[in-house]
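Undergrad: File entry.txt follows (compact mmCIF, C-alpha atoms and all ligand atoms):
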```
# COMPACT_ATOMS: atom_id res chain seq x y z
CA MET W 1 -39.09 212.61 8.26
CA SER W 2 -36.55 213.84 10.80
CA GLU W 3 -35.57 211.83 13.86
CA GLU W 4 -37.35 214.47 15.96
CA HIS W 5 -40.66 213.30 14.62
CA ARG W 6 -39.87 209.68 15.10
CA ASN W 7 -40.18 209.70 18.85
CA SER W 8 -41.43 206.58 20.57
CA HIS W 9 -45.03 207.83 20.61
CA SER W 10 -45.57 208.09 16.88
CA THR W 11 -46.45 205.19 14.65
CA ARG W 12 -43.66 204.03 12.40
CA ILE W 13 -43.26 201.27 9.84
CA VAL W 14 -40.01 199.50 9.05
CA SER W 15 -39.87 197.23 5.98
CA ALA W 16 -37.17 194.94 4.62
CA SER W 17 -36.59 191.96 2.34
CA ARG W 18 -37.11 189.60 5.23
CA ILE W 19 -37.89 189.44 8.93
CA ILE W 20 -36.23 186.88 11.17
CA THR W 21 -38.80 186.86 13.97
CA GLY W 22 -36.73 185.05 16.60
CA LYS W 23 -39.16 182.13 16.67
CA PRO W 24 -37.57 178.86 15.53
CA ASP W 25 -37.36 178.67 11.72
CA GLU W 26 -39.70 181.61 11.15
CA VAL W 27 -38.71 184.03 8.39
CA ILE W 28 -41.21 186.41 6.80
CA PRO W 29 -40.15 187.36 3.23
CA ASP W 30 -40.74 191.03 2.26
CA GLY W 31 -42.02 191.93 5.69
CA SER W 32 -42.97 195.00 7.68
CA VAL W 33 -43.10 195.86 11.35
CA VAL W 34 -45.53 198.51 12.63
CA ILE W 35 -44.29 200.22 15.78
CA SER W 36 -46.32 202.38 18.12
CA ASP W 37 -45.51 203.76 21.57
CA GLY W 38 -42.28 201.77 21.68
CA ASN W 39 -44.01 198.46 21.07
CA ILE W 40 -44.59 196.25 18.07
CA GLU W 41 -48.18 196.67 16.93
CA TRP W 42 -48.25 194.54 13.79
CA VAL W 43 -45.89 192.21 11.90
CA GLY W 44 -46.41 190.51 8.56
CA ALA W 45 -45.91 190.54 4.81
CA THR W 46 -45.60 194.08 3.46
CA ALA W 47 -48.24 193.23 0.84
CA SER W 48 -50.83 192.66 3.55
CA ILE W 49 -50.33 195.71 5.78
CA PRO W 50 -53.75 196.64 7.24
CA VAL W 51 -55.50 199.57 5.51
CA LYS W 52 -55.31 201.78 8.60
CA TYR W 53 -51.51 201.96 8.26
CA GLU W 54 -51.44 202.61 4.52
CA ALA W 55 -51.01 206.38 4.86
CA ILE W 56 -47.80 205.94 6.86
CA VAL W 57 -44.67 206.03 4.73
CA SER W 58 -42.44 203.18 5.77
CA ASP W 59 -38.68 203.17 6.22
CA SER W 60 -37.76 200.68 3.55
CA PHE W 61 -34.58 198.62 3.61
CA PRO W 62 -34.38 196.59 0.43
CA LEU W 63 -31.80 193.77 0.52
CA SER W 64 -31.84 193.93 4.30
CA THR W 65 -33.05 191.84 7.22
CA ILE W 66 -35.01 192.87 10.30
CA LEU W 67 -34.29 190.78 13.35
CA PRO W 68 -34.89 191.15 17.10
CA GLY W 69 -32.30 193.26 18.90
CA LEU W 70 -29.52 191.01 20.15
CA ILE W 71 -29.20 190.06 23.81
CA GLU W 72 -26.17 189.66 26.05
CA THR W 73 -26.94 187.37 28.97
CA HIS W 74 -23.67 187.74 30.89
CA ALA W 75 -22.06 191.15 31.27
CA HIS W 76 -20.54 192.92 34.24
CA LEU W 77 -21.65 196.53 34.39
CA GLY W 78 -19.69 198.15 37.14
CA ALA W 79 -16.55 196.48 35.93
CA ARG W 80 -13.58 196.25 38.19
CA SER W 81 -10.36 195.44 36.41
CA GLY W 82 -8.58 198.16 34.48
CA SER W 83 -11.43 200.58 34.55
CA GLN W 84 -10.34 202.22 37.77
CA ALA W 85 -6.72 202.85 36.84
CA ALA W 86 -7.35 206.46 35.91
CA VAL W 87 -9.46 207.44 38.90
CA PRO W 88 -7.85 210.55 40.38
CA ASN W 89 -8.77 209.77 43.97
CA PRO W 90 -10.24 206.27 44.42
CA ALA W 91 -11.66 207.01 47.86
CA LEU W 92 -13.72 209.84 46.41
CA HIS W 93 -14.39 208.87 42.82
CA VAL W 94 -14.52 205.13 42.46
CA GLN W 95 -18.31 204.74 42.51
CA GLY W 96 -18.91 207.59 40.09
CA TRP W 97 -16.19 206.25 37.83
CA ASN W 98 -17.71 202.80 37.98
CA ALA W 99 -21.08 204.14 36.87
CA LEU W 100 -19.56 206.10 34.00
CA HIS W 101 -17.58 203.07 32.87
CA SER W 102 -20.81 201.05 32.90
CA VAL W 103 -22.47 203.64 30.68
CA LYS W 104 -19.57 203.29 28.25
CA ILE W 105 -20.04 199.50 28.14
CA LEU W 106 -23.77 199.97 27.68
CA ARG W 107 -23.34 202.36 24.75
CA GLN W 108 -20.88 199.99 23.08
CA LEU W 109 -23.32 197.11 23.52
CA ALA W 110 -26.10 199.19 21.96
CA SER W 111 -23.76 200.14 19.11
CA VAL W 112 -23.30 196.43 18.34
CA GLY W 113 -27.09 196.04 18.17
CA ILE W 114 -27.75 194.75 21.67
CA THR W 115 -31.04 195.90 23.12
CA SER W 116 -31.17 193.92 26.40
CA VAL W 117 -28.36 192.89 28.71
CA GLN W 118 -28.16 190.88 31.92
CA SER W 119 -25.47 192.09 34.33
CA LEU W 120 -24.22 189.17 36.43
CA GLY W 121 -22.13 190.80 39.12
CA SER W 122 -21.53 194.46 39.80
CA LYS W 123 -19.89 196.20 42.71
CA TYR W 124 -21.87 198.95 44.50
CA TYR W 125 -25.07 197.80 42.75
CA THR W 126 -23.91 200.00 39.88
CA ASP W 127 -25.90 197.87 37.44
CA VAL W 128 -29.11 198.56 39.38
CA ALA W 129 -28.50 202.31 39.16
CA VAL W 130 -27.70 202.06 35.46
CA SER W 131 -30.80 199.93 34.87
CA GLN W 132 -32.94 202.58 36.56
CA ALA W 133 -31.24 205.36 34.60
CA VAL W 134 -32.20 203.59 31.35
CA GLU W 135 -35.77 202.97 32.55
CA GLN W 136 -36.20 206.61 33.46
CA GLY W 137 -34.70 207.90 30.22
CA LEU W 138 -31.70 209.49 31.91
CA ILE W 139 -29.38 207.63 29.54
CA GLU W 140 -29.95 205.80 26.25
CA GLY W 141 -29.09 202.14 26.14
CA PRO W 142 -30.22 198.53 26.29
CA ARG W 143 -32.64 197.36 28.96
CA VAL W 144 -30.57 196.10 31.91
CA VAL W 145 -31.41 193.09 34.08
CA PRO W 146 -29.16 193.70 37.13
CA ALA W 147 -27.84 191.20 39.69
CA GLY W 148 -25.96 193.61 41.95
CA PRO W 149 -22.86 192.10 43.60
CA MET W 150 -22.26 188.39 43.00
CA ILE W 151 -22.91 186.43 46.21
CA THR W 152 -20.01 184.23 47.28
CA THR W 153 -18.34 182.61 50.29
CA THR W 154 -15.93 184.58 52.46
CA GLY W 155 -12.78 184.89 50.37
CA GLY W 156 -14.53 183.07 47.52
CA HIS W 157 -14.71 183.93 43.84
CA ASP W 158 -15.42 187.63 43.30
CA TRP W 159 -15.48 188.43 47.03
CA HIS W 160 -14.28 191.94 46.15
CA ASP W 161 -17.85 192.72 45.08
CA GLY W 162 -18.71 192.75 48.77
CA ALA W 163 -21.36 190.02 49.11
CA GLU W 164 -19.82 187.21 51.23
CA VAL W 165 -22.02 184.65 53.02
CA ASP W 166 -21.27 181.56 55.12
CA SER W 167 -24.48 180.26 56.62
CA ILE W 168 -28.07 179.54 55.66
CA ASN W 169 -29.20 182.69 57.48
CA ASP W 170 -26.55 184.74 55.66
CA ILE W 171 -27.81 183.34 52.38
CA ARG W 172 -31.43 184.26 53.07
CA HIS W 173 -30.38 187.69 54.24
CA ALA W 174 -28.18 188.34 51.20
CA VAL W 175 -30.91 187.39 48.73
CA ARG W 176 -33.41 189.59 50.58
CA GLU W 177 -30.92 192.43 50.71
CA HIS W 178 -30.34 192.15 46.95
CA HIS W 179 -34.09 192.19 46.43
CA LYS W 180 -34.40 195.29 48.58
CA ALA W 181 -31.57 196.97 46.65
CA GLY W 182 -33.30 196.41 43.32
CA ALA W 183 -31.59 193.32 41.88
CA SER W 184 -33.72 191.53 39.25
CA VAL W 185 -31.72 188.29 39.19
CA ILE W 186 -29.60 186.62 41.87
CA LYS W 187 -26.06 185.59 40.92
CA VAL W 188 -24.13 183.12 43.04
CA ALA W 189 -20.52 181.95 42.71
CA ALA W 190 -21.01 178.18 42.94
CA THR W 191 -17.30 177.51 42.25
CA GLY W 192 -14.01 179.33 42.33
CA GLY W 193 -12.96 181.36 39.33
CA PHE W 194 -10.06 182.51 37.24
CA MET W 195 -9.91 186.10 38.35
CA THR W 196 -9.86 185.80 42.15
CA PRO W 197 -6.54 184.70 43.65
CA GLY W 198 -7.06 182.21 46.47
CA THR W 199 -9.84 180.34 44.67
CA ALA W 200 -9.63 177.31 42.38
CA GLN W 201 -11.98 176.87 39.45
CA TRP W 202 -12.78 173.26 40.35
CA ASN W 203 -13.67 173.98 44.00
CA ALA W 204 -17.37 173.92 44.77
CA GLN W 205 -18.10 176.81 47.14
CA PHE W 206 -21.57 175.95 48.42
CA SER W 207 -23.26 172.69 49.40
CA THR W 208 -26.30 171.53 47.46
CA ASP W 209 -28.48 172.39 50.46
CA GLU W 210 -27.10 175.92 50.55
CA LEU W 211 -27.71 176.33 46.84
CA ARG W 212 -31.30 175.11 47.37
CA VAL W 213 -31.85 177.94 49.85
CA PHE W 214 -30.58 180.43 47.28
CA VAL W 215 -32.96 179.00 44.69
CA SER W 216 -36.04 178.90 46.92
CA GLU W 217 -35.44 182.38 48.29
CA ALA W 218 -34.85 183.85 44.83
CA HIS W 219 -37.93 182.10 43.43
CA ARG W 220 -40.04 183.25 46.37
CA LEU W 221 -39.15 186.79 45.36
CA GLY W 222 -39.93 186.13 41.69
CA LYS W 223 -36.32 186.13 40.52
CA LEU W 224 -34.23 183.68 38.54
CA LEU W 225 -31.12 182.17 40.11
CA ALA W 226 -27.92 182.23 38.06
CA VAL W 227 -24.67 180.57 39.12
CA HIS W 228 -21.07 180.96 38.08
CA ALA W 229 -19.76 177.38 37.76
CA HIS W 230 -16.55 176.13 36.16
CA GLY W 231 -15.93 172.99 38.21
CA THR W 232 -17.85 169.81 37.47
CA GLU W 233 -18.82 169.25 41.11
CA GLY W 234 -20.23 172.78 41.42
CA ILE W 235 -22.18 172.28 38.19
CA ARG W 236 -23.61 169.01 39.54
CA ARG W 237 -24.69 170.60 42.82
CA SER W 238 -26.25 173.52 40.93
CA VAL W 239 -28.30 171.13 38.80
CA ASP W 240 -29.37 169.19 41.92
CA ALA W 241 -30.41 172.45 43.58
CA GLY W 242 -32.57 173.51 40.63
CA VAL W 243 -30.81 176.67 39.45
CA ASP W 244 -32.15 178.46 36.37
CA TYR W 245 -28.93 179.53 34.67
CA ILE W 246 -25.29 178.40 34.61
CA ALA W 247 -22.53 180.75 33.51
CA HIS W 248 -19.50 179.01 31.96
CA ALA W 249 -20.17 175.27 32.62
CA THR W 250 -16.61 174.44 31.63
CA PHE W 251 -16.42 171.03 33.44
CA ILE W 252 -13.06 171.62 35.07
CA SER W 253 -11.95 168.74 37.26
CA GLU W 254 -9.49 168.61 40.15
CA ASP W 255 -6.43 168.15 37.96
CA GLY W 256 -7.22 171.35 36.10
CA THR W 257 -8.28 169.71 32.86
CA THR W 258 -11.73 169.90 31.30
CA ARG W 259 -13.50 166.59 31.00
CA PHE W 260 -16.89 167.00 29.45
CA ASP W 261 -19.46 165.02 31.45
CA ALA W 262 -22.05 163.79 28.97
CA ALA W 263 -24.43 162.42 31.63
CA LEU W 264 -24.35 165.73 33.52
CA ALA W 265 -24.93 167.65 30.27
CA ASP W 266 -27.99 165.47 29.67
CA ARG W 267 -29.26 166.40 33.12
CA ILE W 268 -28.70 170.11 32.40
CA ALA W 269 -30.68 169.70 29.19
CA GLU W 270 -33.52 167.80 30.91
CA SER W 271 -33.72 170.44 33.65
CA GLY W 272 -34.11 173.20 31.05
CA ILE W 273 -31.26 175.18 32.59
CA TYR W 274 -29.80 177.91 30.37
CA VAL W 275 -26.03 177.90 29.87
CA ASP W 276 -23.92 180.72 28.46
CA VAL W 277 -21.18 179.54 26.16
CA ALA W 278 -19.84 182.55 24.26
CA SER W 279 -16.77 183.36 26.34
CA PRO W 280 -13.57 181.31 26.32
CA PRO W 281 -13.54 178.83 29.23
CA SER W 282 -10.40 180.26 30.80
CA PHE W 283 -9.02 183.56 31.82
CA PRO W 284 -6.22 184.55 31.58
CA PRO W 285 -6.03 182.98 28.14
CA VAL W 286 -4.43 179.62 27.54
CA ALA W 287 -2.75 179.08 24.16
CA ASN W 288 -5.03 177.54 21.54
CA GLU W 289 -7.95 177.33 23.89
CA THR W 290 -11.27 178.45 22.43
CA ILE W 291 -14.99 178.50 23.03
CA ALA W 292 -15.47 175.70 20.56
CA PRO W 293 -15.34 172.25 22.21
CA ARG W 294 -17.55 172.99 25.21
CA ALA W 295 -20.14 175.02 23.30
CA PHE W 296 -20.60 172.35 20.66
CA ASP W 297 -20.77 169.51 23.21
CA LEU W 298 -23.45 171.30 25.22
CA PHE W 299 -25.42 172.15 22.08
CA SER W 300 -25.17 168.52 20.89
CA HIS W 301 -26.64 167.32 24.17
CA GLY W 302 -29.67 169.58 23.77
CA VAL W 303 -28.68 172.14 26.39
CA ARG W 304 -30.37 175.53 26.05
CA ILE W 305 -27.29 177.52 25.13
CA VAL W 306 -27.39 181.33 25.22
CA THR W 307 -25.03 184.11 24.24
CA GLY W 308 -23.30 185.35 27.37
CA HIS W 309 -19.76 186.61 26.74
CA ASP W 310 -18.70 187.71 30.24
CA ILE W 311 -18.56 191.21 28.78
CA GLY W 312 -16.73 193.71 30.94
CA ALA W 313 -14.66 190.92 32.50
CA VAL W 314 -13.33 188.69 29.69
CA ILE W 315 -14.53 190.01 26.31
CA PRO W 316 -15.04 193.73 25.56
CA ALA W 317 -18.51 194.90 24.62
CA TYR W 318 -17.50 195.28 20.99
CA GLY W 319 -16.40 191.60 20.95
CA TYR W 320 -19.99 190.32 21.00
CA LEU W 321 -20.18 189.41 17.31
CA TYR W 322 -16.79 187.72 17.54
CA GLY W 323 -18.32 185.41 20.15
CA LEU W 324 -21.17 184.52 17.78
CA GLU W 325 -18.68 183.76 15.01
CA GLN W 326 -16.81 181.47 17.38
CA LEU W 327 -20.00 179.53 18.03
CA GLU W 328 -20.39 179.04 14.28
CA LEU W 329 -16.78 177.87 14.02
CA ALA W 330 -17.63 175.38 16.76
CA GLY W 331 -20.17 173.81 14.41
CA ILE W 332 -23.37 175.33 15.77
CA PRO W 333 -25.82 176.27 12.98
CA ARG W 334 -26.41 179.98 12.35
CA SER W 335 -30.15 179.60 12.90
CA GLU W 336 -29.46 178.16 16.36
CA ILE W 337 -26.98 180.94 17.19
CA LEU W 338 -29.56 183.60 16.30
CA ILE W 339 -32.16 181.91 18.53
CA ALA W 340 -29.58 181.71 21.34
CA ALA W 341 -28.93 185.45 20.92
CA THR W 342 -32.58 186.57 20.76
CA SER W 343 -35.68 184.68 21.90
CA ARG W 344 -33.93 182.08 24.04
CA ALA W 345 -31.65 184.69 25.59
CA SER W 346 -34.67 186.79 26.53
CA ALA W 347 -36.30 183.80 28.24
CA ALA W 348 -33.01 183.07 30.05
CA ILE W 349 -32.93 186.53 31.60
CA GLY W 350 -36.59 186.72 32.55
CA LEU W 351 -37.79 188.77 29.57
CA ALA W 352 -39.94 186.14 27.83
CA GLY W 353 -42.97 187.88 26.37
CA VAL W 354 -41.22 191.26 26.54
CA ALA W 355 -38.20 191.16 24.24
CA GLY W 356 -36.30 188.90 21.86
CA VAL W 357 -39.16 188.16 19.42
CA ILE W 358 -40.71 190.24 16.66
CA GLU W 359 -44.37 189.83 17.40
CA SER W 360 -47.17 192.21 18.23
CA GLY W 361 -47.13 193.19 21.90
CA TYR W 362 -43.36 192.86 22.26
CA SER W 363 -41.02 195.78 22.82
CA ALA W 364 -39.87 197.32 19.53
CA ASP W 365 -36.24 196.26 19.95
CA LEU W 366 -35.12 195.76 16.37
CA LEU W 367 -32.01 195.53 14.35
CA VAL W 368 -31.88 196.07 10.58
CA VAL W 369 -28.79 194.74 8.83
CA ASP W 370 -27.67 194.54 5.22
CA GLY W 371 -27.77 191.00 3.86
CA ASN W 372 -29.04 187.91 5.61
CA PRO W 373 -27.37 186.71 8.84
CA LEU W 374 -28.85 183.24 8.23
CA ASP W 375 -26.52 183.04 5.20
CA ASP W 376 -23.57 184.88 6.76
CA LEU W 377 -23.24 186.10 10.36
CA LYS W 378 -20.99 188.90 9.08
CA ALA W 379 -24.21 190.61 7.96
CA LEU W 380 -24.62 191.57 11.63
CA TYR W 381 -21.70 193.98 11.22
CA HIS W 382 -23.62 195.92 8.56
CA LYS W 383 -26.19 197.70 10.66
CA GLN W 384 -28.71 199.96 9.02
CA LEU W 385 -30.93 200.73 11.98
CA ILE W 386 -31.01 200.00 15.71
CA LEU W 387 -34.28 200.55 17.53
CA ILE W 388 -34.50 200.28 21.31
CA ARG W 389 -38.11 200.41 22.49
CA GLY W 390 -39.00 202.00 19.18
CA LYS W 391 -36.39 204.74 19.47
CA THR W 392 -33.48 205.05 17.06
CA PHE W 393 -30.11 204.51 18.68
CA ILE W 394 -27.27 206.18 16.78
CA PRO W 395 -24.34 203.76 17.10
CA GLU W 396 -20.87 204.89 18.09
CA GLU W 397 -17.78 203.95 16.12
CA ILE W 398 -16.44 200.87 17.82
CA PRO W 399 -13.25 198.91 17.22
CA ILE W 400 -13.26 195.54 15.51
CA TYR W 401 -12.42 192.84 18.03
CA GLU W 402 -9.78 190.48 16.70
CA GLY W 403 -10.03 187.98 19.53
CA ARG W 404 -7.68 185.06 19.65
CA GLN W 405 -6.76 182.76 16.85
CA PRO W 406 -9.64 180.34 16.42
CA SER W 407 -8.64 176.69 16.56
CA VAL W 408 -11.66 174.47 16.22
CA GLY W 409 -11.58 171.38 18.39
CA GLY W 410 -8.78 172.77 20.57
CA PRO W 411 -7.00 170.74 23.21
CA GLU W 412 -8.87 169.07 26.04
CA SER W 413 -6.84 170.87 28.65
CA VAL W 414 -8.08 174.27 29.78
CA LEU W 415 -5.53 175.02 32.43
CA GLY W 416 -2.97 172.36 31.96
CA GLN W 417 -1.67 170.29 34.82
CA ARG W 418 1.23 172.62 35.60
CA GLN W 419 -1.03 175.61 36.06
CA ALA W 420 -3.40 173.54 38.19
CA ALA W 421 -0.53 172.46 40.43
CA LEU W 422 0.51 176.09 40.79
CA ILE W 423 -2.97 177.15 41.87
CA ARG W 424 -3.10 174.29 44.38
CA LYS W 425 0.21 175.42 45.87
CA GLN W 426 -0.97 179.03 46.09
CA LEU W 427 -4.12 177.87 47.89
CA GLN W 428 -2.07 176.03 50.53
CA GLN W 429 0.09 179.08 51.17
CA TRP W 430 -2.79 181.50 51.29
ZN ZN W 501 -18.79 186.73 34.74
```
How would this structure read if it were set down as structure tokens?
Ligand SMILES: [Zn+2]
TA:
Amino acid sequence: MSEEHRNSHSTRIVSASRIITGKPDEVIPDGSVVISDGNIEWVGATASIPVKYEAIVSDSFPLSTILPGLIETHAHLGARSGSQAAVPNPALHVQGWNALHSVKILRQLASVGITSVQSLGSKYYTDVAVSQAVEQGLIEGPRVVPAGPMITTTGGHDWHDGAEVDSINDIRHAVREHHKAGASVIKVAATGGFMTPGTAQWNAQFSTDELRVFVSEAHRLGKLLAVHAHGTEGIRRSVDAGVDYIAHATFISEDGTTRFDAALADRIAESGIYVDVASPPSFPPVANETIAPRAFDLFSHGVRIVTGHDIGAVIPAYGYLYGLEQLELAGIPRSEILIAATSRASAAIGLAGVAGVIESGYSADLLVVDGNPLDDLKALYHKQLILIRGKTFIPEEIPIYEGRQPSVGGPESVLGQRQAALIRKQLQQW
């Protein structure tokens, strides 16, 4: 059967040696998935396919695994750094360039096997436009959950995105404006960051009361509230305010070192807040510093970890699988990593019941890989088939991401005291 005939409206069966459904500990040996109109219609053992489907010849992948399409919970479509260097005339072309660059990121993500992505900060609402373009079939790619520009304080982290607020009224207005512009999730910079000069990672940018207004306004509009938070104080205020998602959670204290706060991690876990852990805690890179210590500590305390790599800002789209391997090096079991990258990730970005699980009624976002990723995550590199909403995505050739040298249980210090002192000095002179 040619690809022409396998459009999203025909019924199609995909079979393999096993199905990892995305539900905890559920593996169906010798399983099949029946797909119709872009959705999953039936899942089960190949031997018990209902009679009505028997005439349909299935695409069979012996020695392979079917799993839910992977999910990236923290990307930046509409990337800033580097991408604009080649724009001929920035005043004229920057927005168009931004959109095209986002499409490139999106296609690379799809080529890795990612079928849904949350964009947590995008200038010009580029991610909203790209999300709509995917929905309307203008471009092929993963489903996009867009945040639009990250909301911050005047001069705060990521202020270049153009969403600065300083009062309760500003906050309400900004959330409503994002809603009006088509954002599906609200992203707030609760602390300073690594990539905006004039901010410090440990500085909390909003009071708890201000964060509460963000949360209540976002929830009123049916959206989840995600924060960027490196500093321990900003993490604490975010938890107090009832946010839904924390990006980074690196526990950086005033002296620039990371000191994991076990009691605060317990509170994050009890609150059910999702935390992305698949990008290194610092940027620019610090020697020997890895994802490992923080990710494992959070996992050990029962925090709902998810796979957000800060793609487009810190790790390139094709570095996604590298991030998963780093989580394994950190000591997190493969079964847990696959949950974090599928069903839990979908819940974290507001797609529970839609994507991230292989079950009837869900979107037919599937990945077929040679081997069994529960035995070896490297199996995820050996893709046989990528289906996005039931449609075959033909992957592009993408580079292998080498990353940095892994060093499990790296040093406590993220920034080091000297770097912290330097940032403090820069802040005073600003
Ligand atoms: Zn980010």
Undergrad: Report the distance between CA of Ala262 in chain W and CA of Glu210 in chain W in Å, rounded to one decimal place.
TA: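 Result for CA of Ala262 in chain W versus CA of Glu210 in chain W: 25.3 Å, one decimal.
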Undergrad: Determine the nearest neighbour of Thr115 in chain W from the options W:Leu77, W:Ala421, W:Ala352, W:Ala364, counting all atoms listed in the file.
TA: W:Ala364
Undergrad: Kindly work out which residues sit at most 9 Å from ligand ZN 501 (chain W), using all atoms listed in the file, and give the list as a ChimeraX atom specification.
TA: /W:74-76,119-121,228,247-248,308-314
Undergrad: Have a look at CA of Arg172 in chain W and CA of Glu233 in chain W and let me know their distance in Å, one decimal.
TA: 23.0 Å
Undergrad: In file coordinates, which residues lie within 10 Å of (-16.6, 174.7, 29.8) using all atoms listed in the file, given as a count of residues only?
TA: 29
Undergrad: Per residue of range 53-126 of chain W within 9 Å of range 9-15 of chain W, note the shortest atom pair and the distance in Å to one decimal, counting only C-alpha atoms, and order the rows by chain and increasing residue number, as CSV.
TA:
```
residue,atom,partner,partner_atom,distance
W:Tyr53,CA,W:Ile13,CA,8.4
W:Ile56,CA,W:Ile13,CA,7.2
W:Val57,CA,W:Ile13,CA,7.1
W:Ser58,CA,W:Ile13,CA,4.6
W:Asp59,CA,W:Val14,CA,4.8
W:Ser60,CA,W:Ser15,CA,4.7
W:Phe61,CA,W:Ser15,CA,6.0
W:Pro62,CA,W:Ser15,CA,7.8
W:Ser64,CA,W:Ser15,CA,8.8
W:Thr65,CA,W:Ser15,CA,8.8
W:Ile66,CA,W:Ser15,CA,7.8
```
Undergrad: Name the closest residue to Asn372 in chain W among the candidates W:Val112, W:Ala347, W:Val27, W:Ile40; distances are taken between atoms, counting only C-alpha atoms.
TA: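 With only C-alpha atoms as the atom set, the closest residue is W:Val27.
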Undergrad: Name the closest residue to Ala341 in chain W among the candidates W:Val354, W:Ile139, W:Val306, W:Ala226; distances are taken between atoms, counting only C-alpha atoms.
TA: W:Val306
